[in-house]
>>> print(open('model.cif').read())   # mmCIF, C-alpha atoms
data_coords
#
loop_
_atom_site.label_atom_id
_atom_site.label_comp_id
_atom_site.auth_asym_id
_atom_site.auth_seq_id
_atom_site.Cartn_x
_atom_site.Cartn_y
_atom_site.Cartn_z
CA MET P 1 -98.30 30.65 -28.25
CA CYS P 2 -95.64 33.14 -27.52
CA SER P 3 -96.88 33.41 -23.95
CA MET P 4 -96.63 29.63 -23.46
CA LYS P 5 -93.01 29.55 -24.63
CA VAL P 6 -92.09 32.28 -22.20
CA GLU P 7 -93.74 30.38 -19.36
CA GLU P 8 -91.94 27.17 -20.32
CA ARG P 9 -88.56 28.96 -20.39
CA VAL P 10 -89.18 30.49 -16.97
CA ALA P 11 -90.15 27.09 -15.62
CA ASP P 12 -86.99 25.50 -17.05
CA GLU P 13 -84.81 28.21 -15.50
CA THR P 14 -86.51 27.75 -12.15
CA VAL P 15 -85.87 24.00 -12.18
CA ARG P 16 -82.26 24.60 -13.21
CA ASP P 17 -81.79 27.10 -10.39
CA GLN P 18 -83.28 24.67 -7.91
CA ARG P 19 -80.95 21.91 -9.09
CA LEU P 20 -78.03 24.24 -8.79
CA TRP P 21 -79.17 25.24 -5.32
CA TYR P 22 -79.27 21.64 -4.12
CA ASP P 23 -76.17 20.55 -6.00
CA PRO P 24 -73.51 19.49 -3.37
CA ARG P 25 -70.79 20.95 -5.53
CA ARG P 26 -72.33 24.37 -5.01
CA TRP P 27 -71.73 24.04 -1.26
CA GLU P 28 -68.38 22.22 -1.31
CA PRO P 29 -66.11 25.29 -0.75
CA THR P 30 -68.36 26.69 1.94
CA GLY P 31 -68.65 23.30 3.68
CA TRP P 32 -64.92 22.89 3.88
CA LEU P 33 -64.60 26.42 5.17
CA VAL P 34 -67.06 25.71 7.96
CA PHE P 35 -65.36 22.40 8.77
CA LEU P 36 -61.90 24.00 8.89
CA THR P 37 -63.21 26.81 11.04
CA LEU P 38 -64.65 24.34 13.53
CA LEU P 39 -61.51 22.23 13.46
CA GLY P 40 -59.37 25.32 14.02
CA GLY P 41 -61.50 26.25 16.98
CA VAL P 42 -61.10 22.81 18.50
CA PHE P 43 -57.35 22.85 17.84
CA PHE P 44 -57.05 26.33 19.31
CA GLY P 45 -59.00 25.21 22.36
CA ILE P 46 -56.79 22.15 22.83
CA ARG P 47 -53.67 24.20 22.24
CA SER P 48 -54.85 26.80 24.73
CA VAL P 49 -55.46 24.11 27.36
CA SER P 50 -52.07 22.55 26.59
CA LEU P 51 -50.29 25.89 26.80
CA GLY P 52 -52.14 26.65 29.99
CA ARG P 53 -50.95 23.39 31.50
CA TRP P 54 -47.37 24.05 30.40
CA GLU P 55 -47.63 27.43 32.10
CA ASP P 56 -49.03 25.76 35.24
CA LEU P 57 -46.15 23.30 35.23
CA GLU P 58 -43.56 26.02 34.77
CA LYS P 59 -45.02 28.22 37.51
CA SER P 60 -45.22 25.25 39.87
CA ARG P 61 -41.67 24.24 39.02
CA GLN P 62 -40.37 27.75 39.67
CA GLY P 63 -42.30 27.95 42.93
CA LEU P 64 -40.84 24.71 44.25
CA ARG P 65 -37.32 25.56 43.06
CA ALA P 66 -37.50 28.75 45.10
CA VAL P 67 -38.10 26.84 48.36
CA ILE P 68 -35.72 23.89 47.91
CA ASN P 69 -33.25 25.56 50.29
CA GLU P 70 -35.92 27.35 52.34
CA PRO P 71 -35.22 26.92 56.08
CA ASN P 72 -38.73 28.12 57.01
CA LEU P 73 -40.77 24.91 56.96
CA GLY P 74 -44.07 26.78 57.12
CA ARG P 75 -43.27 28.83 54.03
CA ARG P 76 -42.08 25.74 52.19
CA PHE P 77 -45.27 23.85 53.12
CA GLN P 78 -47.49 26.69 51.90
CA ARG P 79 -45.71 26.90 48.55
CA ALA P 80 -45.86 23.12 48.09
CA PHE P 81 -49.59 23.06 48.93
CA SER P 82 -50.37 25.90 46.53
CA VAL P 83 -48.90 24.09 43.50
CA GLU P 84 -50.38 20.65 44.17
CA ALA P 85 -53.70 21.22 42.36
CA PRO P 86 -52.25 22.66 39.11
CA LEU P 87 -49.68 19.87 39.02
CA ARG P 88 -52.43 17.26 39.38
CA ASP P 89 -54.26 18.87 36.45
CA CYS P 90 -51.12 18.40 34.37
CA LEU P 91 -51.23 14.64 35.00
CA GLN P 92 -54.09 14.40 32.48
CA ALA P 93 -51.89 15.68 29.66
CA ARG P 94 -49.58 13.72 27.36
CA ALA P 95 -46.54 11.96 28.82
CA SER P 96 -44.08 14.70 27.89
CA LEU P 97 -46.01 16.97 30.26
CA ALA P 98 -47.43 14.46 32.72
CA ASP P 99 -44.13 12.86 33.74
CA PRO P 100 -42.41 16.15 34.66
CA ALA P 101 -45.59 16.99 36.55
CA ARG P 102 -45.31 13.67 38.45
CA LEU P 103 -41.73 14.50 39.34
CA TRP P 104 -42.54 17.93 40.77
CA LEU P 105 -45.79 16.75 42.35
CA GLY P 106 -43.67 14.20 44.22
CA ILE P 107 -41.57 17.07 45.56
CA SER P 108 -44.72 18.96 46.51
CA LEU P 109 -46.00 15.96 48.47
CA ALA P 110 -42.63 15.44 50.13
CA PHE P 111 -42.52 19.09 51.21
CA GLN P 112 -45.97 18.55 52.75
CA ASP P 113 -44.68 15.51 54.66
CA ARG P 114 -46.77 13.16 52.50
CA GLY P 115 -43.92 11.10 51.11
CA ASP P 116 -45.89 7.85 51.48
CA GLU P 117 -48.06 8.93 48.51
CA ILE P 118 -45.13 9.23 46.13
CA ASN P 119 -44.63 5.52 45.39
CA ASP P 120 -48.08 5.16 43.82
CA LEU P 121 -47.66 8.44 41.97
CA TRP P 122 -44.33 7.40 40.46
CA GLN P 123 -45.26 3.83 39.48
CA THR P 124 -45.97 4.77 35.87
CA ALA P 125 -43.42 7.59 35.61
CA ASP P 126 -40.92 7.57 32.76
CA TRP P 127 -38.02 9.88 33.59
CA ARG P 128 -37.01 9.99 29.91
CA HIS P 129 -39.69 12.65 29.52
CA CYS P 130 -38.06 14.82 32.22
CA SER P 131 -35.22 17.22 31.54
CA THR P 132 -31.82 16.57 33.07
CA GLU P 133 -32.06 19.88 34.94
CA ASP P 134 -35.35 18.76 36.49
CA LEU P 135 -33.86 15.46 37.62
CA ALA P 136 -30.84 17.15 39.21
CA GLN P 137 -32.92 19.80 40.96
CA ALA P 138 -35.43 17.21 42.15
CA ALA P 139 -32.56 15.11 43.52
CA MET P 140 -31.33 18.12 45.50
CA ALA P 141 -34.86 18.81 46.75
CA PHE P 142 -35.19 15.30 48.18
CA PHE P 143 -31.66 15.49 49.57
CA ARG P 144 -32.54 18.69 51.46
CA ILE P 145 -35.41 16.94 53.25
CA SER P 146 -33.22 13.87 53.97
CA ASP P 147 -35.07 11.59 51.54
CA PHE P 148 -31.76 10.08 50.49
CA PRO P 149 -33.05 7.02 48.55
CA ARG P 150 -35.05 9.18 46.14
CA ALA P 151 -32.26 11.74 45.90
CA SER P 152 -29.86 8.93 45.03
CA GLU P 153 -32.24 7.40 42.46
CA LEU P 154 -32.79 10.69 40.64
CA ILE P 155 -29.15 11.80 40.56
CA ARG P 156 -28.15 8.37 39.19
CA GLN P 157 -30.68 8.89 36.38
CA ALA P 158 -29.23 12.33 35.66
CA LEU P 159 -25.64 11.03 35.67
CA GLN P 160 -26.48 8.69 32.79
CA ARG P 161 -27.04 11.70 30.53
CA LEU P 162 -24.55 14.04 28.89
CA ASP P 163 -26.37 17.38 28.92
CA ALA P 164 -26.40 19.87 31.82
CA ARG P 165 -23.30 18.04 32.94
CA GLU P 166 -21.87 20.68 35.23
CA LEU P 167 -25.10 21.05 37.19
CA VAL P 168 -25.45 17.28 37.49
CA LEU P 169 -21.86 16.79 38.67
CA ARG P 170 -22.10 19.52 41.30
CA THR P 171 -25.34 18.02 42.61
CA ALA P 172 -23.90 14.49 42.58
CA ILE P 173 -20.83 15.65 44.51
CA VAL P 174 -22.98 17.06 47.32
CA ILE P 175 -25.23 13.99 47.53
CA ASP P 176 -22.56 11.31 47.15
CA PHE P 177 -20.21 12.98 49.64
CA ASP P 178 -22.93 12.96 52.28
CA LEU P 179 -23.79 9.33 51.49
CA GLY P 180 -20.16 8.25 51.87
CA ARG P 181 -19.53 7.38 48.23
CA LEU P 182 -16.11 8.97 48.35
CA GLU P 183 -14.64 7.23 45.31
CA ASP P 184 -17.62 8.38 43.24
CA VAL P 185 -17.06 11.90 44.56
CA LEU P 186 -13.45 11.83 43.38
CA THR P 187 -14.59 10.69 39.93
CA HIS P 188 -17.14 13.51 39.75
CA CYS P 189 -14.52 16.05 40.87
CA GLN P 190 -12.05 14.97 38.20
CA GLU P 191 -14.68 15.34 35.46
CA LEU P 192 -15.87 18.68 36.83
CA ALA P 193 -12.29 19.96 36.97
CA GLN P 194 -12.05 19.32 33.22
CA LEU P 195 -15.34 21.09 32.50
CA ALA P 196 -14.52 24.06 34.76
CA PRO P 197 -10.69 24.23 34.77
CA ARG P 198 -10.57 27.58 36.60
CA ASP P 199 -12.92 26.57 39.39
CA PRO P 200 -11.15 25.59 42.65
CA SER P 201 -14.22 23.92 44.17
CA PRO P 202 -13.58 20.42 42.72
CA TRP P 203 -10.09 20.48 44.23
CA LEU P 204 -11.40 21.68 47.59
CA THR P 205 -13.84 18.76 47.59
CA GLU P 206 -11.03 16.38 46.66
CA ALA P 207 -9.05 17.72 49.61
CA ALA P 208 -12.02 17.02 51.90
CA VAL P 209 -12.29 13.45 50.58
CA TYR P 210 -8.58 12.78 51.07
CA GLU P 211 -8.77 14.29 54.55
CA ALA P 212 -11.59 11.88 55.40
CA GLN P 213 -9.31 9.08 54.18
CA SER P 214 -6.32 10.49 56.16
CA ASN P 215 -4.38 10.75 52.90
CA TRP P 216 -2.38 13.84 53.91
CA PRO P 217 -0.03 14.01 50.86
CA LYS P 218 -3.05 14.06 48.54
CA VAL P 219 -4.64 16.79 50.66
CA VAL P 220 -1.53 18.93 50.30
CA GLU P 221 -1.45 18.29 46.55
CA ALA P 222 -5.09 19.36 46.20
CA TYR P 223 -4.47 22.57 48.15
CA ARG P 224 -1.45 23.38 46.00
CA THR P 225 -3.75 23.27 42.97
CA VAL P 226 -6.32 25.44 44.75
CA LEU P 227 -3.67 28.08 45.48
CA LYS P 228 -2.59 28.06 41.82
CA LEU P 229 -6.17 28.53 40.64
CA THR P 230 -6.76 31.39 43.08
CA ALA P 231 -3.37 32.95 42.27
CA GLY P 232 -2.45 32.49 45.93
CA ASN P 233 -4.86 35.25 46.93
CA ASN P 234 -6.94 33.22 49.38
CA ALA P 235 -5.12 33.36 52.69
CA ARG P 236 -7.48 30.89 54.34
CA TYR P 237 -6.56 28.13 51.89
CA ARG P 238 -2.89 28.81 52.57
CA LEU P 239 -3.54 28.72 56.30
CA VAL P 240 -5.19 25.30 56.04
CA MET P 241 -2.35 23.99 53.89
CA VAL P 242 0.22 24.93 56.54
CA GLY P 243 -1.48 22.54 58.96
CA PHE P 244 -1.39 19.69 56.45
CA LEU P 245 2.25 20.43 55.59
CA LEU P 246 3.02 19.80 59.25
CA LYS P 247 1.12 16.51 59.08
CA VAL P 248 3.33 15.28 56.21
CA GLY P 249 6.47 16.48 58.01
CA ASN P 250 7.30 19.30 55.59
CA VAL P 251 8.30 21.70 58.34
CA ALA P 252 10.48 23.99 56.22
CA GLU P 253 7.75 24.76 53.69
CA ALA P 254 5.22 25.11 56.50
CA ARG P 255 7.44 27.77 58.10
CA GLN P 256 7.82 29.58 54.78
CA GLU P 257 4.07 29.67 54.17
CA PHE P 258 3.36 30.64 57.78
CA ASP P 259 5.74 33.62 57.67
CA ARG P 260 4.17 34.77 54.41
CA LEU P 261 0.74 34.64 56.01
CA ARG P 262 1.84 36.52 59.11
CA GLN P 263 3.30 39.27 56.94
CA ASN P 264 0.49 39.58 54.39
CA SER P 265 -2.65 38.39 56.23
CA PRO P 266 -2.20 38.68 60.01
CA ASP P 267 -5.95 38.90 60.61
CA VAL P 268 -6.46 35.38 59.16
CA MET P 269 -3.98 33.89 61.63
CA ALA P 270 -6.54 34.29 64.41
CA GLU P 271 -8.66 31.54 62.80
CA GLU P 272 -6.05 28.91 63.75
CA PRO P 273 -4.79 30.13 67.16
CA SER P 274 -2.71 27.00 67.89
CA LEU P 275 -1.01 26.81 64.48
CA GLU P 276 2.11 28.72 65.50
CA ALA P 277 2.55 26.54 68.58
CA ASN P 278 2.26 23.43 66.38
CA LEU P 279 4.89 24.81 64.04
CA LEU P 280 7.26 25.67 66.89
CA PHE P 281 6.74 22.21 68.39
CA ALA P 282 7.63 20.62 65.02
CA GLU P 283 10.78 22.76 64.98
CA GLY P 284 11.71 21.53 68.48
CA LYS P 285 11.20 24.92 70.14
CA PHE P 286 9.15 23.60 73.06
CA LEU P 287 9.34 26.57 75.46
CA GLU P 288 8.40 29.01 72.72
CA ALA P 289 5.61 26.70 71.62
CA ARG P 290 4.20 26.52 75.17
CA GLU P 291 4.33 30.29 75.55
CA SER P 292 2.59 30.72 72.20
CA LEU P 293 -0.17 28.29 73.16
CA GLU P 294 -0.67 29.83 76.60
CA SER P 295 -1.06 33.27 74.99
CA VAL P 296 -4.17 32.02 73.15
CA TRP P 297 -5.33 29.55 75.81
CA PRO P 298 -8.96 30.78 76.13
CA LYS P 299 -9.41 29.97 72.42
CA VAL P 300 -7.98 26.44 72.57
CA SER P 301 -8.84 25.21 76.07
CA ASP P 302 -11.90 23.29 74.79
CA ASN P 303 -10.23 21.96 71.66
CA ALA P 304 -8.96 18.36 71.74
CA ASP P 305 -6.02 19.04 69.43
CA GLY P 306 -4.97 22.10 71.44
CA LEU P 307 -5.21 20.14 74.71
CA ILE P 308 -3.14 17.26 73.32
CA LEU P 309 -0.49 19.70 72.11
CA TYR P 310 -0.38 21.42 75.51
CA GLY P 311 -0.08 18.09 77.30
CA ARG P 312 2.83 17.10 75.07
CA LEU P 313 4.52 20.46 75.67
CA LEU P 314 4.17 20.06 79.43
CA MET P 315 5.78 16.62 79.17
CA GLN P 316 8.62 18.03 77.07
CA THR P 317 9.25 20.63 79.77
CA GLU P 318 9.27 18.01 82.57
CA ARG P 319 5.76 18.60 83.88
CA PRO P 320 4.00 15.26 83.16
CA ALA P 321 1.67 15.44 86.19
CA ASP P 322 0.37 18.80 84.98
CA ALA P 323 -0.21 17.30 81.52
CA ILE P 324 -2.57 14.55 82.76
CA PRO P 325 -5.75 16.64 83.36
CA HIS P 326 -5.42 18.30 79.96
CA LEU P 327 -4.98 14.98 78.17
CA GLU P 328 -7.91 13.47 80.10
CA LYS P 329 -10.07 16.37 78.96
CA ALA P 330 -8.94 15.82 75.37
CA ARG P 331 -9.89 12.16 75.76
CA ARG P 332 -13.39 13.10 76.89
CA LEU P 333 -13.80 15.55 74.03
CA SER P 334 -12.57 13.09 71.40
CA PRO P 335 -12.85 9.49 72.69
CA ALA P 336 -12.09 7.97 69.27
CA ASP P 337 -8.74 9.79 69.02
CA SER P 338 -5.92 7.33 69.62
CA GLN P 339 -3.40 10.16 70.07
CA SER P 340 -4.99 11.45 73.28
CA LEU P 341 -5.01 7.94 74.75
CA TYR P 342 -1.37 7.29 73.83
CA HIS P 343 -0.06 10.58 75.23
CA LEU P 344 -2.16 10.18 78.36
CA ALA P 345 -0.46 6.81 78.92
CA GLN P 346 2.96 8.43 78.44
CA ALA P 347 2.12 11.21 80.90
CA HIS P 348 1.13 8.66 83.58
CA ARG P 349 4.30 6.67 82.94
CA ARG P 350 6.50 9.77 83.31
CA ALA P 351 4.59 10.68 86.46
CA GLY P 352 5.38 7.22 87.92
CA HIS P 353 1.90 5.69 87.51
CA GLU P 354 3.08 2.51 85.78
CA ASP P 355 -0.05 0.39 86.31
CA VAL P 356 -2.30 3.13 84.91
CA ALA P 357 0.03 3.63 81.96
CA THR P 358 0.07 -0.11 81.18
CA ASN P 359 -3.72 -0.25 81.20
CA LEU P 360 -4.01 2.82 78.94
CA LEU P 361 -1.47 1.44 76.46
CA SER P 362 -3.44 -1.82 76.29
CA ARG P 363 -6.60 0.17 75.51
CA HIS P 364 -4.61 2.15 72.97
CA ARG P 365 -3.61 -1.04 71.12
CA ILE P 366 -7.25 -2.20 71.08
CA LEU P 367 -8.32 1.19 69.72
CA LEU P 368 -5.68 1.01 66.98
CA THR P 369 -6.93 -2.45 65.99
CA ILE P 370 -10.51 -1.17 65.83
CA GLN P 371 -9.42 1.84 63.75
CA GLN P 372 -7.64 -0.43 61.29
CA GLU P 373 -10.79 -2.55 61.01
CA LEU P 374 -12.88 0.60 60.59
CA TYR P 375 -10.64 1.78 57.78
CA ALA P 376 -10.92 -1.55 55.95
CA LEU P 377 -14.70 -1.67 56.44
CA SER P 378 -15.05 1.91 55.21
CA ARG P 379 -13.22 1.08 51.99
CA THR P 380 -15.43 -1.99 51.55
CA ALA P 381 -18.55 0.12 52.12
CA GLU P 382 -17.40 2.59 49.47
CA ALA P 383 -16.74 -0.20 46.96
CA GLU P 384 -19.99 -2.06 47.78
CA PRO P 385 -22.82 0.49 48.12
CA ASN P 386 -25.44 -2.23 48.74
CA ASN P 387 -23.55 -4.07 51.49
CA LEU P 388 -25.79 -3.63 54.54
CA PRO P 389 -23.90 -5.92 57.01
CA VAL P 390 -20.71 -3.90 56.53
CA ARG P 391 -22.53 -0.67 57.38
CA LEU P 392 -24.12 -2.22 60.44
CA GLN P 393 -20.69 -3.37 61.62
CA LEU P 394 -19.33 0.15 61.11
CA VAL P 395 -22.11 1.53 63.31
CA ARG P 396 -21.36 -0.99 66.08
CA LEU P 397 -17.61 -0.41 66.00
CA TYR P 398 -17.92 3.38 66.06
CA GLU P 399 -20.38 3.07 68.96
CA SER P 400 -17.84 0.94 70.84
CA ILE P 401 -15.25 3.75 70.74
CA GLY P 402 -17.70 6.59 71.35
CA ALA P 403 -17.39 8.23 67.93
CA THR P 404 -20.84 9.87 67.92
CA GLU P 405 -20.45 11.79 64.68
CA GLN P 406 -19.36 8.73 62.71
CA VAL P 407 -22.15 6.65 64.30
CA GLU P 408 -24.76 9.09 63.04
CA TYR P 409 -23.18 9.16 59.60
CA TRP P 410 -23.24 5.38 59.11
CA GLN P 411 -26.65 5.02 60.76
CA ARG P 412 -28.01 7.31 58.06
CA SER P 413 -26.34 5.14 55.42
CA VAL P 414 -27.97 2.03 56.93
CA VAL P 415 -31.42 3.62 56.88
CA ILE P 416 -31.01 4.67 53.25
CA LEU P 417 -30.00 1.18 52.19
CA GLN P 418 -32.81 -0.46 54.16
CA GLN P 419 -35.37 1.81 52.52
CA ARG P 420 -33.95 1.04 49.09
CA GLN P 421 -33.97 -2.72 49.64
CA GLN P 422 -37.37 -3.09 51.28
CA PRO P 423 -40.29 -4.41 49.18
CA ALA P 424 -42.75 -1.79 47.98
CA GLY P 425 -45.48 -0.99 50.51
CA THR P 426 -43.64 -2.44 53.53
CA GLU P 427 -41.82 -0.77 56.36
CA ALA P 428 -38.09 -1.30 56.73
CA PRO P 429 -37.22 -3.28 59.88
CA SER P 430 -35.05 -1.57 62.46
CA THR P 431 -31.71 -3.34 62.73
CA LEU P 432 -29.86 -0.64 64.65
#
>>> encode(input="model.cif", output="structure tokens")
Amino acid sequence: MCSMKVEERVADETVRDQRLWYDPRRWEPTGWLVFLTLLGGVFFGIRSVSLGRWEDLEKSRQGLRAVINEPNLGRRFQRAFSVEAPLRDCLQARASLADPARLWLGISLAFQDRGDEINDLWQTADWRHCSTEDLAQAAMAFFRISDFPRASELIRQALQRLDARELVLRTAIVIDFDLGRLEDVLTHCQELAQLAPRDPSPWLTEAAVYEAQSNWPKVVEAYRTVLKLTAGNNARYRLVMVGFLLKVGNVAEARQEFDRLRQNSPDVMAEEPSLEANLLFAEGKFLEARESLESVWPKVSDNADGLILYGRLLMQTERPADAIPHLEKARRLSPADSQSLYHLAQAHRRAGHEDVATNLLSRHRILLTIQQELYALSRTAEAEPNNLPVRLQLVRLYESIGATEQVEYWQRSVVILQQRQQPAGTEAPSTL
């Protein structure tokens, strides 16, 4: 009897142990531990892949940044090719990683001369996921390879933001100046001058804009500010300002600044060999001016301004016939310069060639009319960046007066606008 009770108790304990063994609650802590371990492994794997892609993006970005200004096309191509594959891998990631990858992959393709593939790549891009620094640097990258429409698009996106403002403004100044958006450049310069009040570069750019607009008083004003910011220590800026002081007729101040330069920075004077002759001419000292110019003649004999000055000096000293060949050479060097044409006409008249002088003066009046029209059209082009007919007219008018540099400038503007206005997937028609 006793033996049977012992056996029954053992059997009961065995059943109870088995129930406990199979009870889910017994395994609940261990199950969760296994599940969390597996989940952590998956998360770690995903995180590792994500971090790896971020590293790929950053390395690719740094590699392309390093060759934005690279003059060696072979080296730039190799770097762009080497980062294409890792950037394409990044396209499979979330948008915050994929869109910056699209941006830099576009640069990689452009550096490999495969710009036609960028449109498809960028169709789904959302630049809100890209940093402002990336947009500005990408704009500069496309600008360096003369892809002006994309450079313009990206810098306009960056300008709508408030961060990295100084970088964006400096980039916009470079791009917009080259594209002829001079009023925009002035706006950028004014904002940059407030952000960097001790930096003379915005004022130097303003001076360049006003020079392009022939606004000499504004040029002088800008250079005065530059000299204040540099504590007057940059002799080259002072040298340039002397020339513009002469243009506005401020001869007394020009003389004062010139004498200061000659005393403190005589070596810089060699950079403007005809400046002293110009100053003496403005002071009415014609013989001294001619002697000064002749002393540096090898340096100015192929310069249109120097030739015009010499021709005028020869006329002032009663040698108009000798002035003609120099003024004709100036005319060939700078056919769009109305001054050379006018003084050439005066030299022929003083030499007794009345018919030739009359013809030249008639051409001079036509040239002045064209220049006035060019000025008006240029202002319209600045105010209306999408006006293609105005730009085409500028090209034709500059071609008619032989202004090669200006023709190339506005031709580039026409091409940019045509590319921007053409439907996707089509080739812009040639209207030049």
>>> resolve_selection(input="model.cif", expression="the PyMOL selection byres ((chain P and resi 119) around 12)", output="CSV table (one decimal) with C-alpha atoms, in the frame of the given file")
chain,number,residue,atom,x,y,z
P,102,ARG,CA,-45.3,13.7,38.4
P,103,LEU,CA,-41.7,14.5,39.3
P,105,LEU,CA,-45.8,16.8,42.4
P,106,GLY,CA,-43.7,14.2,44.2
P,107,ILE,CA,-41.6,17.1,45.6
P,109,LEU,CA,-46.0,16.0,48.5
P,110,ALA,CA,-42.6,15.4,50.1
P,114,ARG,CA,-46.8,13.2,52.5
P,115,GLY,CA,-43.9,11.1,51.1
P,116,ASP,CA,-45.9,7.8,51.5
P,117,GLU,CA,-48.1,8.9,48.5
P,118,ILE,CA,-45.1,9.2,46.1
P,120,ASP,CA,-48.1,5.2,43.8
P,121,LEU,CA,-47.7,8.4,42.0
P,122,TRP,CA,-44.3,7.4,40.5
P,123,GLN,CA,-45.3,3.8,39.5
P,124,THR,CA,-46.0,4.8,35.9
P,125,ALA,CA,-43.4,7.6,35.6
P,150,ARG,CA,-35.0,9.2,46.1
P,423,PRO,CA,-40.3,-4.4,49.2
P,424,ALA,CA,-42.8,-1.8,48.0
P,425,GLY,CA,-45.5,-1.0,50.5
P,426,THR,CA,-43.6,-2.4,53.5
>>> closest_residue(input="model.cif", among="P:Pro320, P:Gly311, P:Gly74, P:Pro335", to="Gly352 in chain P", atoms="all atoms listed in the file")
P:Pro320
>>> resolve_selection(input="model.cif", expression="the PyMOL selection byres ((chain P and resi 247) around 12)", output="MDAnalysis selection string")
chainID P and resid 211 214:220 240:246 248:251 253:254 275 278:279 282
>>> residues_around(input="model.cif", residues="range 62-72 of chain P", least_positions_apart="5", cutoff="8 Å", atoms="only C-alpha atoms", output="ChimeraX atom specification")
/P:79-80,83,104,107-108,137,140-141,144
>>> atom_distance(input="model.cif", atom1="CA of Tyr237 in chain P", atom2="CA of Val168 in chain P")
26.1 Å
>>> build_atoms(input="model.cif", residues="range 176-193 of chain P", atoms="N, CA and C atoms", output="PDB file, keeping the file's coordinate frame")
ATOM      1  N   ASP P 176     -23.414  12.484  46.941  1.00  0.00           N
ATOM      2  CA  ASP P 176     -22.560  11.310  47.150  1.00  0.00           C
ATOM      3  C   ASP P 176     -21.580  11.509  48.307  1.00  0.00           C
ATOM      4  N   PHE P 177     -21.113  12.736  48.498  1.00  0.00           N
ATOM      5  CA  PHE P 177     -20.210  12.980  49.640  1.00  0.00           C
ATOM      6  C   PHE P 177     -20.939  12.699  50.946  1.00  0.00           C
ATOM      7  N   ASP P 178     -22.167  13.162  51.039  1.00  0.00           N
ATOM      8  CA  ASP P 178     -22.930  12.960  52.280  1.00  0.00           C
ATOM      9  C   ASP P 178     -23.283  11.497  52.481  1.00  0.00           C
ATOM     10  N   LEU P 179     -23.434  10.745  51.376  1.00  0.00           N
ATOM     11  CA  LEU P 179     -23.790   9.330  51.490  1.00  0.00           C
ATOM     12  C   LEU P 179     -22.565   8.430  51.630  1.00  0.00           C
ATOM     13  N   GLY P 180     -21.373   9.033  51.652  1.00  0.00           N
ATOM     14  CA  GLY P 180     -20.160   8.250  51.870  1.00  0.00           C
ATOM     15  C   GLY P 180     -19.602   7.576  50.646  1.00  0.00           C
ATOM     16  N   ARG P 181     -20.061   7.971  49.465  1.00  0.00           N
ATOM     17  CA  ARG P 181     -19.530   7.380  48.230  1.00  0.00           C
ATOM     18  C   ARG P 181     -18.310   8.189  47.785  1.00  0.00           C
ATOM     19  N   LEU P 182     -17.244   8.080  48.540  1.00  0.00           N
ATOM     20  CA  LEU P 182     -16.110   8.970  48.350  1.00  0.00           C
ATOM     21  C   LEU P 182     -15.385   8.741  47.030  1.00  0.00           C
ATOM     22  N   GLU P 183     -15.302   7.482  46.595  1.00  0.00           N
ATOM     23  CA  GLU P 183     -14.640   7.230  45.310  1.00  0.00           C
ATOM     24  C   GLU P 183     -15.448   7.816  44.161  1.00  0.00           C
ATOM     25  N   ASP P 184     -16.771   7.746  44.257  1.00  0.00           N
ATOM     26  CA  ASP P 184     -17.620   8.380  43.240  1.00  0.00           C
ATOM     27  C   ASP P 184     -17.420   9.893  43.255  1.00  0.00           C
ATOM     28  N   VAL P 185     -17.280  10.455  44.447  1.00  0.00           N
ATOM     29  CA  VAL P 185     -17.060  11.900  44.560  1.00  0.00           C
ATOM     30  C   VAL P 185     -15.771  12.303  43.852  1.00  0.00           C
ATOM     31  N   LEU P 186     -14.721  11.531  44.048  1.00  0.00           N
ATOM     32  CA  LEU P 186     -13.450  11.830  43.380  1.00  0.00           C
ATOM     33  C   LEU P 186     -13.598  11.772  41.862  1.00  0.00           C
ATOM     34  N   THR P 187     -14.346  10.794  41.377  1.00  0.00           N
ATOM     35  CA  THR P 187     -14.590  10.690  39.930  1.00  0.00           C
ATOM     36  C   THR P 187     -15.339  11.909  39.413  1.00  0.00           C
ATOM     37  N   HIS P 188     -16.384  12.321  40.148  1.00  0.00           N
ATOM     38  CA  HIS P 188     -17.140  13.510  39.750  1.00  0.00           C
ATOM     39  C   HIS P 188     -16.247  14.752  39.740  1.00  0.00           C
ATOM     40  N   CYS P 189     -15.404  14.879  40.758  1.00  0.00           N
ATOM     41  CA  CYS P 189     -14.520  16.050  40.870  1.00  0.00           C
ATOM     42  C   CYS P 189     -13.547  16.125  39.703  1.00  0.00           C
ATOM     43  N   GLN P 190     -13.008  14.986  39.317  1.00  0.00           N
ATOM     44  CA  GLN P 190     -12.050  14.970  38.200  1.00  0.00           C
ATOM     45  C   GLN P 190     -12.724  15.397  36.896  1.00  0.00           C
ATOM     46  N   GLU P 191     -13.954  14.933  36.679  1.00  0.00           N
ATOM     47  CA  GLU P 191     -14.680  15.340  35.460  1.00  0.00           C
ATOM     48  C   GLU P 191     -15.047  16.814  35.519  1.00  0.00           C
ATOM     49  N   LEU P 192     -15.494  17.267  36.693  1.00  0.00           N
ATOM     50  CA  LEU P 192     -15.870  18.680  36.830  1.00  0.00           C
ATOM     51  C   LEU P 192     -14.666  19.587  36.646  1.00  0.00           C
ATOM     52  N   ALA P 193     -13.508  19.158  37.122  1.00  0.00           N
ATOM     53  CA  ALA P 193     -12.290  19.960  36.970  1.00  0.00           C
ATOM     54  C   ALA P 193     -11.941  20.154  35.492  1.00  0.00           C
TER      55      ALA P 193
END
